[in-house]
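Novice: Have a look at this one.
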Number of protein chains: 4
Amino acid sequence: MIIVMGPGHTEEQLQAVIRRIEEMGYSVHLSRGVERTIVGAVGSKDKTPLHALQQMEGVEAVIPILRPWKLAGREFKREGTVVDVEGVPVGGPKIVVIAGPCSVENEKQIIESARAVKAAGAVMLRGGAYKPRTSPYAFQGLEEDGLKMLQAAKAETGLKIVTEIVSVTDLDILLKYADVLQIGARNCQNYALLRAVGQARKPVLLKRGMSATIHEYLMAAEYCLSEGNYDILLCERGIRTFETETRFTLDLNAVPVLKHLSHLPVLVDPSHGTGHWRLVGPMSRAAIAAGADGLEIEVHPDPANALSDGAQSLRPAKFERLMEELRRVAEAVDRTL
Amino acid sequence: MIIVMGPGHTEEQLQAVIRRIEEMGYSVHLSRGVERTIVGAVGSKDKTPLHALQQMEGVEAVIPILRPWKLAGREFKREGTVVDVEGVPVGGPKIVVIAGPCSVENEKQIIESARAVKAAGAVMLRGGAYKPRTSPYAFQGLEEDGLKMLQAAKAETGLKIVTEIVSVTDLDILLKYADVLQIGARNCQNYALLRAVGQARKPVLLKRGMSATIHEYLMAAEYCLSEGNYDILLCERGIRTFETETRFTLDLNAVPVLKHLSHLPVLVDPSHGTGHWRLVGPMSRAAIAAGADGLEIEVHPDPANALSDGAQSLRPAKFERLMEELRRVAEAVDRTL
Amino acid sequence: MIIVMGPGHTEEQLQAVIRRIEEMGYSVHLSRGVERTIVGAVGSKDKTPLHALQQMEGVEAVIPILRPWKLAGREFKREGTVVDVEGVPVGGPKIVVIAGPCSVENEKQIIESARAVKAAGAVMLRGGAYKPRTSPYAFQGLEEDGLKMLQAAKAETGLKIVTEIVSVTDLDILLKYADVLQIGARNCQNYALLRAVGQARKPVLLKRGMSATIHEYLMAAEYCLSEGNYDILLCERGIRTFETETRFTLDLNAVPVLKHLSHLPVLVDPSHGTGHWRLVGPMSRAAIAAGADGLEIEVHPDPANALSDGAQSLRPAKFERLMEELRRVAEAVDRTL
Amino acid sequence: MIIVMGPGHTEEQLQAVIRRIEEMGYSVHLSRGVERTIVGAVGSKDKTPLHALQQMEGVEAVIPILRPWKLAGREFKREGTVVDVEGVPVGGPKIVVIAGPCSVENEKQIIESARAVKAAGAVMLRGGAYKPRTSPYAFQGLEEDGLKMLQAAKAETGLKIVTEIVSVTDLDILLKYADVLQIGARNCQNYALLRAVGQARKPVLLKRGMSATIHEYLMAAEYCLSEGNYDILLCERGIRTFETETRFTLDLNAVPVLKHLSHLPVLVDPSHGTGHWRLVGPMSRAAIAAGADGLEIEVHPDPANALSDGAQSLRPAKFERLMEELRRVAEAVDRTL
């Protein structure tokens, strides 16, 4: 931490700050400049943070220097993590595509979806059985019935199952059916849920909150890691900005930034991130070119009749053509798909 | 819903859209303009929304017309709701001030805080026993021990207790101690939690998510209302913007907008909303002038040593002076405090 | 400036950074911590900034410590500036209200507006003769004819004239008619225009750009000040955020922040800041309670037929009632109106 | 335009709205729904917009249906525009790379830069002689001397010259030296400047304002087009969001959205858009994969000593390797570089 003493601070104010820092167990480095005095508080990041020193007389600013995470960072683990999802490696040279409908609607729909995305090259099936919907009056998912349909689709196709958890109380049942537990953007800072999945021994796909800074997002991952679950997949899915032509602003900058700061695999969800099927193709290609380790794409056999997210889902035929395009981009950046 | 057919659409495309709308149980009003054709889908808001029609050929845009909420809106209830918190009315002519520390740290701290804020005129005590902290390594709250300390503070001062719930699994214990269940900004769209407190018979203070639009925020309230809990207090607490001089951007515009759209009481939290004690005074005065029904303010006997949120807490003496100022502003807008 | 050397940097990298800093004329303070090494570069703010050191091997971050402005800050001038607008002080105890239509449309409209706002207590008249419109096909203003109508309104009422400059090439003609040159939000970082009005000897009302941070905004003011014009009025008018219920998010937090950082007077424009006449009243009251030195409010004799900004303009009768309310709030914060 | 009459409106209010719409020259289509009445105002987009009807009693919302632009849209011109820059086509199958330093600093620097970027495959040279700097105390450019150095670099390498215009008063001199006039993000809505370059017969590279919606951005282009200049190059360069790990959030979603809405070529500036040299590579690759027609990249022979933007500039050797990578991505999306 760096504490900046403002112009016109007194020597007594400075000494009071120094005493307080030392009381909290840090050692002090002092640097008197022309217009400001800088007090460096040296110590490990386990100590109490010093933000509250902003309350002391004469202090202009308190500036953190250390990154707040431990386990999520490249400092902790230099090489990239490869998460094993029932034999499917995520974070290695092969780019992983998760595809399927927003919600499981019925057995026919999910099995048809599974066959189609498998044929096109996807290795995991997405499908929600517990849905976090903006409206309490909207379709909320089939719950365990939906999970059983996912299980049937897995039996049929071999695809691994990625499905969302919205409450701690559903964890046990989800552990029976899911290969990857997905945490949606609205629960990105639901710390009770993060701790619970952190205690489970099952890979977690943690979506970036739509207003989570990259720092906060890595701290959300840190909640899971600090409970002992190292199998965390990050996933950029669009942030809130002023732009209204897209539903969210898919922030592809986050891909290289996260890969630089963290060893965890980074996926991208262009379907939720843009909200328009027309943008899914270009943004999927761009995500791979930016260095993403995988994609999560909504595919529905009949989007215009989907119970949720129809506007952003691809038809199977479009998805198949997209996969062809993605293969070429993957090769151009020395990856495979 | 209004469906806009783009330039160059064919008659077949138009007829297909009309058929689909009618199949979904809406009736159709057609309006052929110079450059666009407008298809109005008339029906109640209980029907499936039509967003997925964006997938159909020839469709340029799908525009919702009806507000998505039912119970939260002024259409449902013309006059403002007054929520009774154990005899304290919120939403009436008297402005309610909730004050206290971010976290309950020990019995001395919370009782000292309670006495100070009571003396200055607060009617409810805030204090977290379960804390949603950005870092898993930060102080996470005293849990039930903290709740007991709040109970002691209530016994001593008569202040009603406002405390946060972060997980469905803590609901039973919180119902024993809390007079108001607070849901923090990061859980504003944690729908499992919203449903759970909606089923409880206890007032809820629901903070606006930092990236929740006012529409989404009212839909979050609707989750509680639709479960039968009508005692919902709204609370603006700052949204995420590009500005970094404040921790969040306290959006006071939300006060008159929410009062216009909804019958629910609207509070403001200037402490979290700005992140700086220096801004709490001006923004509290402004909140009342803008029409807020109450304030939630962080007060700590020794902010520079607080375990959380020290930078934004007021000392008791400052809070007392602020209450004097607020009384004058309240009178200037024909309210009392 | 603080240069943070990342984990794993070598001694050679550190020495290279130190050499570079010294070559650029700064002296160096070194602080070796447990996980990072901090290099402080001490020197005045006139020196070349060191951001480019981010390019050097081993450097993790470059953090500025000094505020970048000189003349706009409280460090330069402790007491608040009172700008004299032809005898009307702005920035003193009396709150100043500027009112009038968005655009000058014809002589009758502007004189009627002037009489009405004068009667209600405004001391300056706003009205645009050169309009920066989003669409090239929208009404662009009456230019010099409009300025003459403003002159007539001034002759009739004594109100000072506030009118917008959109181009350096219009400066001479505007200097003949305007008492205050207004620079709109879209030109807040039009540095050529800022320099030009900085060289003029006429008060400037500089609106905050809708994506200008407070730092950038003060640097925009600094452009005018550095050319010798000290009569700068700041004006918050809404920033771009994700919220769509308001046209912009009027950021009242900026009022106390600007008053803290700068000695310049701070006004608020609730009409453009919200985009809805219904919000102008509450946000005007709130602006005064937050400490604003003045308001700029759109008033039009017939808003539903206005050539621009009709949706956010007040009718004269509404404005008159609002002025009554504002007087009471002003008194409650020890100001007059 | 669609006018929504709120719940509880009276028949008189409805008739008043209809009369007003007809007076303004539109014809009316009426659609009475269960909870709302919709009034469609049918007419061409040349008519006065109806936003001000929000002031009328009973009106809940006024919703525009038509896109506000004429010449910038795909409706006006179906096929993509190819802009000819002195023989270099922009917008065709070949992706165009503009590269060079932020500012022209001296003849050696600009000629060295020009040779390096030419050798790597760039076809145009960027370099600012008139600089819009956030601080009035920062290097402001060499003005005409800088333009002469650019001319020398062009004579030496044949690269076309892209350089920024910051004021209408510099137009004549810039027309002598520039092949493309660049308008920076801060001047994106400087309408006086847009009109001026719209009257010139010289290609314009118009950067997206950092808070310009895509609608506003296309309306800025419309200003130039409506003056008769059809040679407009669009360029996404990062928008303002809450994220601080990047200087701006480069919005690649804008690429497919702009290509869908408009016929104009779309470029991307990953250097300003991210602010970090480390992100320029991944985001350049992603931009091409998303469908961009070109890139503008900052390259400096010695970034750590650059007078501006050193932190985001590439060294020539890095740029050369990047161009190799970009060639492969371009081929993967059936383009060349």
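Just so we're on the same page: first chain in the structure tokens is A, next is B, and so on; residues restart at 1 for each chain, and ligands are numbered from 1 in the order they show up.
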May I have the residues within 9 Å of Glu60 (chain A) as a list of chain:residue names, using only C-alpha atoms and disregarding those fewer than 5 positions away in the same chain?

Specialist: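 So, after excluding close chain neighbours, the residues are A:Ile3, A:Val4, A:Met5, A:Gly6, A:Pro7, A:Gln54.
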
Novice: Pull the alpha helix (DSSP H) assignments for region 104-190 of chain D out of DSSP run on the backbone, and list those residues as a ChimeraX atom specification.

Specialist: /D:107-120,144-157,171-177

Novice: In Å to one decimal, how far is CA of Pro256 (chain D) from CA of Glu216 (chain D)?

Specialist: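 Going from CA of Glu216 (chain D) over to CA of Pro256 (chain D), I get 16.6 Å.
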
Novice: If you run DSSP on the backbone here, which positions in region 152-279 of chain B get strand (DSSP E)? Please write them as JSON, numbers by chain.

Specialist: {"B": [160, 161, 162, 163, 164, 180, 181, 182, 183, 204, 205, 206, 207, 232, 233, 234, 235, 236, 266, 267, 268]}

Novice: Write out as an MDAnalysis selection string each polymer residue whose atoms come within 10 Å of region 88-94 of chain C, counting only C-alpha atoms; drop sequence neighbours fewer than 2 positions from it.

Specialist: chainID C and resid 80:86 96:97 123:124 159:160 231:233 263:267 292:294 330 334:337

Novice: Limited to C-alpha atoms, could you put the picked residues into a file as a CSV table (one decimal), in the first residue's frame?

Specialist:
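Final file, selection_0.csv:
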```csv
chain,number,residue,atom,x,y,z
C,80,GLY,CA,-13.6,29.5,-4.0
C,81,THR,CA,-13.6,31.6,-7.1
C,82,VAL,CA,-16.5,34.0,-7.6
C,83,VAL,CA,-16.9,34.8,-11.3
C,84,ASP,CA,-18.4,38.1,-12.1
C,85,VAL,CA,-20.9,38.0,-15.0
C,86,GLU,CA,-21.6,41.6,-15.8
C,96,VAL,CA,-27.7,31.6,-9.7
C,97,VAL,CA,-30.4,30.3,-12.0
C,123,VAL,CA,-30.8,36.1,-13.5
C,124,MET,CA,-29.5,34.8,-16.8
C,159,LEU,CA,-31.0,39.2,-18.0
C,160,LYS,CA,-27.5,38.2,-18.9
C,231,ASP,CA,-13.7,33.0,-15.3
C,232,ILE,CA,-14.7,29.4,-15.9
C,233,LEU,CA,-18.0,28.0,-14.6
C,263,HIS,CA,-12.0,26.4,-6.6
C,264,LEU,CA,-14.2,27.0,-9.6
C,265,PRO,CA,-18.0,27.5,-9.3
C,266,VAL,CA,-20.1,24.4,-10.1
C,267,LEU,CA,-23.5,24.5,-11.8
C,292,ALA,CA,-24.3,23.5,-6.4
C,293,ASP,CA,-23.6,27.2,-7.1
C,294,GLY,CA,-26.2,27.4,-9.8
C,330,ALA,CA,-31.4,27.0,-0.7
C,334,ASP,CA,-27.7,28.5,4.2
C,335,ARG,CA,-27.8,29.9,0.7
C,336,THR,CA,-30.1,32.2,-1.1
C,337,LEU,CA,-31.6,32.1,-4.5
```
